[in-house]
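Listing of protein.csv, CSV, C-alpha atoms
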chain,number,residue,atom,x,y,z
A,1,MET,CA,4.6,-53.7,64.2
A,2,ALA,CA,6.4,-51.4,66.6
A,3,ASP,CA,9.6,-51.7,64.6
A,4,SER,CA,7.9,-50.8,61.4
A,5,LEU,CA,6.5,-47.6,62.9
A,6,HIS,CA,10.0,-46.4,63.6
A,7,ASP,CA,11.3,-47.3,60.2
A,8,ALA,CA,12.7,-44.3,58.3
A,9,THR,CA,11.1,-45.6,55.0
A,10,PRO,CA,7.4,-44.8,54.8
A,11,HIS,CA,5.0,-47.6,54.0
A,12,TYR,CA,1.6,-46.8,52.6
A,13,TYR,CA,-1.2,-49.2,53.3
A,14,SER,CA,-4.6,-49.4,51.7
A,15,GLY,CA,-7.3,-51.9,51.4
A,16,ASN,CA,-6.1,-52.5,47.8
A,17,LYS,CA,-3.4,-55.0,47.0
A,18,THR,CA,0.2,-53.6,47.4
A,19,ASP,CA,3.3,-54.2,45.2
A,20,SER,CA,6.9,-54.2,46.3
A,21,ILE,CA,10.1,-52.8,44.9
A,22,ASN,CA,13.3,-54.2,46.6
A,23,GLY,CA,11.4,-55.0,49.7
A,24,SER,CA,9.7,-51.6,50.0
A,25,LEU,CA,5.9,-51.5,49.8
A,26,ILE,CA,4.2,-49.0,47.5
A,27,TRP,CA,0.5,-48.3,47.0
A,28,ILE,CA,-0.8,-48.2,43.4
A,29,PRO,CA,-4.3,-47.3,42.4
A,30,ASP,CA,-6.1,-50.0,40.6
A,31,SER,CA,-6.4,-47.7,37.5
A,32,LEU,CA,-2.6,-47.4,37.2
A,33,ARG,CA,-1.5,-50.9,38.2
A,34,LYS,CA,-1.1,-52.2,34.7
A,35,ASP,CA,0.8,-49.2,33.3
A,36,VAL,CA,3.2,-49.1,36.3
A,37,ALA,CA,3.9,-52.8,36.0
A,38,ILE,CA,4.8,-52.3,32.3
A,39,LEU,CA,7.0,-49.3,33.2
A,40,LEU,CA,8.9,-51.1,35.9
A,41,ARG,CA,9.7,-53.9,33.5
A,42,GLY,CA,11.4,-51.4,31.2
A,43,LYS,CA,8.9,-51.8,28.5
A,44,GLY,CA,6.9,-48.6,28.8
A,45,LYS,CA,7.4,-44.9,28.3
A,46,VAL,CA,7.1,-42.2,31.0
A,47,VAL,CA,5.9,-39.6,28.5
A,48,ARG,CA,3.0,-40.5,26.4
A,49,THR,CA,3.6,-39.8,22.7
A,50,TYR,CA,1.1,-37.7,20.8
A,51,SER,CA,-0.3,-38.9,17.6
A,52,ALA,CA,-2.0,-36.2,15.5
A,53,ASP,CA,-5.4,-36.9,14.2
A,54,GLY,CA,-5.4,-35.9,10.6
A,55,ASP,CA,-9.2,-35.9,10.5
A,56,GLU,CA,-9.7,-33.6,13.4
A,57,LYS,CA,-12.0,-30.6,12.6
A,58,VAL,CA,-12.4,-27.1,14.0
A,59,ILE,CA,-15.0,-24.4,13.5
A,60,ALA,CA,-13.7,-21.2,11.8
A,61,ASN,CA,-15.9,-18.4,10.4
A,62,GLY,CA,-19.0,-20.6,11.0
A,63,ASP,CA,-17.6,-23.4,8.9
A,64,THR,CA,-16.0,-26.8,9.9
A,65,VAL,CA,-12.5,-27.1,8.5
A,66,PRO,CA,-9.6,-29.5,9.1
A,67,LEU,CA,-7.1,-28.6,11.8
A,68,ILE,CA,-4.2,-30.2,9.9
A,69,ILE,CA,-3.8,-29.1,6.2
A,70,ARG,CA,-2.6,-32.1,4.2
A,71,HIS,CA,0.3,-31.7,1.7
A,72,LYS,CA,1.7,-34.2,-0.7
A,73,ASN,CA,5.0,-35.5,0.6
A,74,LEU,CA,7.5,-34.7,-2.2
A,75,GLY,CA,10.5,-35.9,-0.3
A,76,ARG,CA,11.8,-39.4,0.2
A,77,PHE,CA,11.0,-39.5,3.9
A,78,ASP,CA,7.9,-38.4,5.9
A,79,ARG,CA,9.3,-36.4,8.7
A,80,GLY,CA,6.1,-36.3,10.6
A,81,LEU,CA,5.7,-32.5,10.4
A,82,PHE,CA,2.1,-31.1,10.3
A,83,ASN,CA,0.8,-27.8,8.8
A,84,TYR,CA,-1.7,-26.7,11.3
A,85,LEU,CA,-4.5,-24.3,10.4
A,86,PHE,CA,-3.5,-20.6,11.1
A,87,LEU,CA,-5.7,-18.6,8.7
A,88,PRO,CA,-8.9,-20.2,7.5
A,89,LYS,CA,-10.3,-19.6,4.0
A,90,GLY,CA,-12.4,-16.5,3.7
A,91,VAL,CA,-10.5,-14.2,6.1
A,92,TRP,CA,-9.6,-10.6,5.1
A,93,ASN,CA,-6.3,-9.4,6.3
A,94,PHE,CA,-5.3,-5.7,6.8
A,95,GLY,CA,-1.7,-4.9,7.5
A,96,LEU,CA,0.4,-1.8,8.2
A,97,THR,CA,4.2,-1.4,8.3
A,98,ALA,CA,5.5,2.1,9.2
A,99,SER,CA,8.9,3.5,10.3
A,100,TYR,CA,10.4,6.9,11.0
A,101,GLY,CA,13.9,7.9,12.0
A,102,GLU,CA,16.1,10.9,12.5
A,103,PHE,CA,19.8,11.1,12.7
A,104,SER,CA,22.3,13.9,13.2
A,105,THR,CA,25.9,14.5,14.2
A,106,GLU,CA,27.8,17.6,15.2
A,107,ASP,CA,31.4,18.4,15.9
A,108,LEU,CA,32.5,14.8,15.3
A,109,GLN,CA,36.3,14.2,15.5
A,110,LEU,CA,37.7,10.8,14.5
A,111,LEU,CA,41.4,10.4,15.2
A,112,SER,CA,41.9,14.1,14.4
A,113,LEU,CA,41.2,13.4,10.7
A,114,ILE,CA,37.7,14.7,10.6
A,115,SER,CA,37.9,18.2,11.7
A,116,ASP,CA,34.2,19.1,11.4
A,117,CYS,CA,31.0,17.2,10.6
A,118,ASP,CA,27.5,18.6,10.7
A,119,PHE,CA,25.0,16.3,9.2
A,120,SER,CA,21.3,15.7,9.7
A,121,GLY,CA,18.7,13.5,8.0
A,122,GLN,CA,15.4,11.7,8.4
A,123,THR,CA,13.5,8.9,6.7
A,124,PHE,CA,9.8,8.0,6.7
A,125,SER,CA,8.1,4.9,5.3
A,126,ILE,CA,4.5,3.6,5.4
A,127,LYS,CA,3.2,0.4,3.7
A,128,PRO,CA,-0.4,-0.5,4.1
A,129,SER,CA,-1.6,-3.9,2.7
A,130,ILE,CA,-4.8,-5.9,2.2
A,131,SER,CA,-5.1,-9.6,1.4
A,132,TYR,CA,-7.7,-12.3,1.2
A,133,THR,CA,-7.3,-15.9,2.3
A,134,VAL,CA,-8.1,-17.8,-0.8
A,135,ARG,CA,-7.4,-21.2,0.7
A,136,ASN,CA,-6.5,-22.3,4.2
A,137,ASN,CA,-3.2,-20.7,5.1
A,138,ILE,CA,-2.8,-19.2,1.6
A,139,THR,CA,-3.4,-15.4,1.0
A,140,LEU,CA,-3.3,-13.2,-2.0
A,141,GLY,CA,-3.1,-9.4,-1.7
A,142,LEU,CA,-2.0,-5.9,-2.6
A,143,ARG,CA,0.5,-3.7,-0.9
A,144,LEU,CA,1.1,0.0,-1.4
A,145,GLY,CA,4.1,2.0,-0.1
A,146,TYR,CA,5.5,5.5,0.2
A,147,THR,CA,9.1,6.3,1.3
A,148,SER,CA,10.7,9.7,1.9
A,149,THR,CA,14.3,10.4,2.7
A,150,SER,CA,16.1,13.7,3.2
A,151,GLY,CA,19.6,14.7,4.3
A,152,ASN,CA,21.6,17.9,4.8
A,153,LEU,CA,25.4,18.0,5.1
A,154,SER,CA,26.2,21.5,6.3
A,155,SER,CA,29.9,20.9,6.7
A,156,PHE,CA,32.4,18.1,6.5
A,157,GLY,CA,36.1,18.6,6.8
A,158,VAL,CA,39.1,16.2,6.6
A,159,ASP,CA,42.6,17.4,7.6
A,160,ILE,CA,45.4,14.8,7.2
A,161,ASP,CA,48.3,17.2,6.7
A,162,GLU,CA,49.0,20.5,5.0
A,163,ASP,CA,48.9,18.9,1.5
A,164,MET,CA,45.9,16.6,2.0
A,165,SER,CA,42.8,18.4,3.3
A,166,PHE,CA,39.4,19.2,2.0
A,167,ASP,CA,36.0,20.2,3.1
A,168,LEU,CA,32.4,19.9,1.9
A,169,HIS,CA,29.5,22.1,2.7
A,170,ASP,CA,25.9,22.9,1.7
A,171,ILE,CA,25.1,19.5,0.3
A,172,ARG,CA,21.4,18.4,0.3
A,173,TYR,CA,19.6,15.3,-0.8
A,174,ARG,CA,15.9,14.5,-1.0
A,175,SER,CA,14.1,11.5,-2.4
A,176,GLN,CA,10.6,9.9,-2.5
A,177,SER,CA,9.2,6.8,-4.1
A,178,TYR,CA,5.8,5.1,-4.5
A,179,THR,CA,5.4,1.3,-4.6
A,180,ALA,CA,2.5,-1.0,-5.7
A,181,ALA,CA,3.0,-4.8,-5.2
A,182,VAL,CA,1.0,-8.0,-5.6
A,183,GLN,CA,2.0,-10.6,-3.0
A,184,ALA,CA,1.2,-14.2,-2.2
A,185,ARG,CA,1.9,-15.7,1.2
A,186,GLN,CA,1.7,-19.3,2.5
A,187,TYR,CA,1.6,-20.0,6.2
A,188,TYR,CA,2.7,-23.1,8.1
A,189,GLY,CA,1.0,-23.3,11.5
A,190,LEU,CA,3.3,-24.5,14.3
A,191,GLY,CA,0.7,-25.7,16.8
A,192,ARG,CA,-2.8,-26.7,17.5
A,193,LYS,CA,-3.7,-23.4,19.2
A,194,SER,CA,-2.9,-21.4,16.0
A,195,ARG,CA,-0.7,-18.9,17.8
A,196,PHE,CA,2.5,-19.2,15.8
A,197,ALA,CA,3.2,-19.7,12.1
A,198,VAL,CA,6.1,-19.3,9.7
A,199,TYR,CA,5.5,-18.2,6.2
A,200,ASN,CA,7.1,-17.6,2.8
A,201,GLU,CA,6.1,-14.6,0.8
A,202,VAL,CA,6.5,-14.0,-2.9
A,203,GLU,CA,6.1,-10.4,-4.1
A,204,LEU,CA,6.0,-8.7,-7.5
A,205,ALA,CA,6.5,-5.0,-7.0
A,206,PHE,CA,6.7,-1.9,-9.2
A,207,SER,CA,8.1,1.4,-7.8
A,208,SER,CA,8.6,4.8,-9.2
A,209,GLY,CA,10.4,7.8,-7.6
A,210,ASN,CA,12.6,10.8,-7.9
A,211,SER,CA,15.5,12.4,-6.1
A,212,ASP,CA,17.3,15.7,-6.0
A,213,PHE,CA,21.0,16.2,-5.1
A,214,ASP,CA,22.3,19.7,-4.7
A,215,ARG,CA,25.9,20.6,-4.1
A,216,PRO,CA,28.2,23.6,-4.8
A,217,PHE,CA,30.4,23.3,-7.9
A,218,SER,CA,32.7,26.1,-9.2
A,219,GLY,CA,31.0,28.7,-7.2
A,220,GLU,CA,27.5,27.7,-8.2
A,221,ILE,CA,24.9,25.2,-7.0
A,222,LYS,CA,24.8,22.1,-9.2
A,223,LYS,CA,21.4,20.4,-9.1
A,224,THR,CA,21.0,16.8,-10.2
A,225,HIS,CA,17.5,15.5,-10.6
A,226,THR,CA,17.0,11.7,-11.0
A,227,THR,CA,13.8,9.8,-11.9
A,228,SER,CA,13.8,6.0,-11.5
A,229,SER,CA,11.6,3.0,-11.9
A,230,ASP,CA,12.0,-0.5,-10.6
A,231,LEU,CA,10.4,-3.9,-11.2
A,232,ARG,CA,11.3,-6.5,-8.5
A,233,ILE,CA,10.4,-10.1,-7.6
A,234,ALA,CA,11.3,-10.7,-3.9
A,235,PHE,CA,11.2,-13.8,-1.7
A,236,SER,CA,10.9,-13.2,2.0
A,237,PRO,CA,10.4,-15.8,4.8
A,238,GLY,CA,8.9,-14.6,8.0
A,239,LEU,CA,7.3,-15.4,11.4
A,240,SER,CA,3.7,-14.4,12.5
A,241,VAL,CA,2.5,-14.4,16.1
A,242,LEU,CA,-1.2,-14.1,16.9
A,243,MET,CA,-1.1,-11.8,19.9
A,244,VAL,CA,-4.9,-11.7,20.4
A,245,LYS,CA,-7.7,-13.3,18.6
A,246,ASN,CA,-7.6,-11.2,15.4
A,247,VAL,CA,-4.3,-9.3,15.6
A,248,SER,CA,-0.9,-10.7,14.7
A,249,PHE,CA,2.6,-9.4,14.8
A,250,ASP,CA,4.8,-10.1,11.7
A,251,ILE,CA,8.5,-10.1,11.1
A,252,SER,CA,10.0,-10.9,7.7
A,253,PHE,CA,13.5,-11.0,6.2
A,254,GLY,CA,14.5,-10.1,2.7
A,255,VAL,CA,16.6,-13.0,1.4
A,256,PHE,CA,16.8,-12.9,-2.4
A,257,GLY,CA,15.2,-11.6,-5.5
A,258,PHE,CA,15.5,-10.3,-9.0
A,259,TYR,CA,15.2,-6.7,-10.2
A,260,LEU,CA,15.1,-4.4,-13.2
A,261,HIS,CA,16.1,-0.8,-12.7
A,262,ASN,CA,16.0,2.2,-15.0
A,263,GLU,CA,16.9,5.8,-14.2
A,264,LYS,CA,17.3,9.1,-16.0
A,265,GLN,CA,19.3,12.1,-14.8
A,266,MET,CA,19.1,15.8,-15.5
A,267,VAL,CA,21.7,18.4,-14.4
A,268,ASN,CA,20.6,22.0,-14.1
A,269,GLY,CA,17.6,21.2,-16.3
A,270,GLU,CA,19.6,19.5,-19.1
A,271,SER,CA,19.5,15.8,-19.8
A,272,LEU,CA,22.6,13.9,-18.8
A,273,GLY,CA,21.6,10.4,-19.8
A,274,ASN,CA,19.8,7.3,-18.6
A,275,ARG,CA,21.0,3.9,-17.4
A,276,PHE,CA,19.4,0.4,-17.2
A,277,THR,CA,20.6,-2.3,-14.9
A,278,SER,CA,19.4,-5.7,-13.8
A,279,GLY,CA,20.5,-8.3,-11.4
A,280,ALA,CA,19.8,-10.8,-8.6
A,281,ASN,CA,20.4,-10.7,-4.9
A,282,PHE,CA,21.0,-14.0,-3.1
A,283,ARG,CA,22.0,-12.9,0.4
A,284,PHE,CA,20.5,-12.0,3.7
A,285,ASN,CA,20.2,-8.2,4.1
A,286,ILE,CA,20.1,-7.0,7.7
A,287,PHE,CA,18.7,-3.7,6.5
A,288,ASN,CA,15.7,-5.4,4.9
A,289,ILE,CA,14.0,-6.6,8.1
A,290,ASN,CA,10.3,-5.6,8.2
A,291,PHE,CA,8.0,-5.4,11.3
A,292,GLY,CA,4.3,-5.0,11.1
A,293,LEU,CA,0.9,-5.6,12.5
A,294,ALA,CA,-2.1,-7.3,10.8
A,295,VAL,CA,-5.8,-7.5,11.6
A,296,HIS,CA,-7.7,-10.6,10.5
A,297,ILE,CA,-11.5,-10.3,9.9
Rendering of file as structure tokens:
Amino acid sequence: MADSLHDATPHYYSGNKTDSINGSLIWIPDSLRKDVAILLRGKGKVVRTYSADGDEKVIANGDTVPLIIRHKNLGRFDRGLFNYLFLPKGVWNFGLTASYGEFSTEDLQLLSLISDCDFSGQTFSIKPSISYTVRNNITLGLRLGYTSTSGNLSSFGVDIDEDMSFDLHDIRYRSQSYTAAVQARQYYGLGRKSRFAVYNEVELAFSSGNSDFDRPFSGEIKKTHTTSSDLRIAFSPGLSVLMVKNVSFDISFGVFGFYLHNEKQMVNGESLGNRFTSGANFRFNIFNINFGLAVHI
């Protein structure tokens, strides 16, 4: 007994039966004896796997709804992914996206080629939206938008050599546009706590606007007025984070879409002509990243 007290390896004793590993005694609670024995034989798992209960219910807006939204598996394999409830049916969603920016540069010199540059501009955009959750994690809504941009180039000079030099001055640009859009969004909840969700948004938008471009030409100010209208279908994936109970932060990315564009130009009050274009965009646009806040009631 005296030798065991001076042994560097601690031995724990209890009134319960003890097990041994390579001659060392360990104490195991009766409630864990079976699980530890299976683990030591190499037939158990240290981390217990979680199996989602597809019939689990939660209370949302005073109603009992399923926590996991079932979807038909259209693929060949079931990957075990679950669409957790993020927005229950019957919730109104109010969102707002706004941005404002100013930029200017004075006395810019680039490799002695740009002798003078004086430019200033600003842009403002606001996009309120409202939607209704028609089904769990599926919303339909309306978005309005207003965008205004202005720029003023007071002077801009390029001096390469005596034979190649020019300068621009007194050039002004102003534009504004209005947008109305119908959008549908489907969320995919990423966890049981309904804090994170990814979504895919489809939007049908119509916009109308005008712009004015003034510049000196042959000693006079040449004024070009352009009116335009657009019809677009856009697909935008995004991420939504529920910061507090009823407020979420959204970020979306413009990926691809189809558009129809028509514009008409007038120069100094006389019609110059009109142009119609159409096309499709299948690329990620870093300038089409939208941030916004939404309130869910």
Proximity check range 236-296 of chain A to range 121-130 of chain A, 10 Å, nearest pairs one decimal Å, only C-alpha atoms, as CSV:
residue,atom,partner,partner_atom,distance
A:Gly292,CA,A:Lys127,CA,9.2
A:Leu293,CA,A:Pro128,CA,9.9
A:Ala294,CA,A:Ser129,CA,8.8
A:Val295,CA,A:Ile130,CA,9.6
A:His296,CA,A:Ile130,CA,10.0
I'd like the contact shell of range 204-215 of chain A - 9 Å cut-off, all atoms listed in the file, skipping same-chain residues fewer than 5 positions apart - returned as a PDB file with C-alpha atoms, in the frame of the given file.
ATOM      1  CA  ARG A 143       0.500  -3.700  -0.900  1.00  0.00           C
ATOM      2  CA  GLY A 145       4.100   2.000  -0.100  1.00  0.00           C
ATOM      3  CA  LEU A 168      32.400  19.900   1.900  1.00  0.00           C
ATOM      4  CA  HIS A 169      29.500  22.100   2.700  1.00  0.00           C
ATOM      5  CA  ASP A 170      25.900  22.900   1.700  1.00  0.00           C
ATOM      6  CA  ILE A 171      25.100  19.500   0.300  1.00  0.00           C
ATOM      7  CA  ARG A 172      21.400  18.400   0.300  1.00  0.00           C
ATOM      8  CA  TYR A 173      19.600  15.300  -0.800  1.00  0.00           C
ATOM      9  CA  ARG A 174      15.900  14.500  -1.000  1.00  0.00           C
ATOM     10  CA  SER A 175      14.100  11.500  -2.400  1.00  0.00           C
ATOM     11  CA  GLN A 176      10.600   9.900  -2.500  1.00  0.00           C
ATOM     12  CA  SER A 177       9.200   6.800  -4.100  1.00  0.00           C
ATOM     13  CA  TYR A 178       5.800   5.100  -4.500  1.00  0.00           C
ATOM     14  CA  THR A 179       5.400   1.300  -4.600  1.00  0.00           C
ATOM     15  CA  ALA A 180       2.500  -1.000  -5.700  1.00  0.00           C
ATOM     16  CA  ALA A 181       3.000  -4.800  -5.200  1.00  0.00           C
ATOM     17  CA  VAL A 182       1.000  -8.000  -5.600  1.00  0.00           C
ATOM     18  CA  GLN A 183       2.000 -10.600  -3.000  1.00  0.00           C
ATOM     19  CA  GLU A 220      27.500  27.700  -8.200  1.00  0.00           C
ATOM     20  CA  ILE A 221      24.900  25.200  -7.000  1.00  0.00           C
ATOM     21  CA  LYS A 222      24.800  22.100  -9.200  1.00  0.00           C
ATOM     22  CA  LYS A 223      21.400  20.400  -9.100  1.00  0.00           C
ATOM     23  CA  THR A 224      21.000  16.800 -10.200  1.00  0.00           C
ATOM     24  CA  HIS A 225      17.500  15.500 -10.600  1.00  0.00           C
ATOM     25  CA  THR A 226      17.000  11.700 -11.000  1.00  0.00           C
ATOM     26  CA  THR A 227      13.800   9.800 -11.900  1.00  0.00           C
ATOM     27  CA  SER A 228      13.800   6.000 -11.500  1.00  0.00           C
ATOM     28  CA  SER A 229      11.600   3.000 -11.900  1.00  0.00           C
ATOM     29  CA  ASP A 230      12.000  -0.500 -10.600  1.00  0.00           C
ATOM     30  CA  LEU A 231      10.400  -3.900 -11.200  1.00  0.00           C
ATOM     31  CA  ARG A 232      11.300  -6.500  -8.500  1.00  0.00           C
ATOM     32  CA  ILE A 233      10.400 -10.100  -7.600  1.00  0.00           C
ATOM     33  CA  ALA A 234      11.300 -10.700  -3.900  1.00  0.00           C
TER      34      ALA A 234
END
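Between CA of Leu140 in chain A and CA of Ser194 in chain A lies a distance of 19.8 Å.
Taking CA of Lys57 in chain A as the reference point, CA of Phe86 in chain A is found at 13.2 Å.
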The distance between CA of Gln186 in chain A and CA of Thr97 in chain A is 19.0 Å
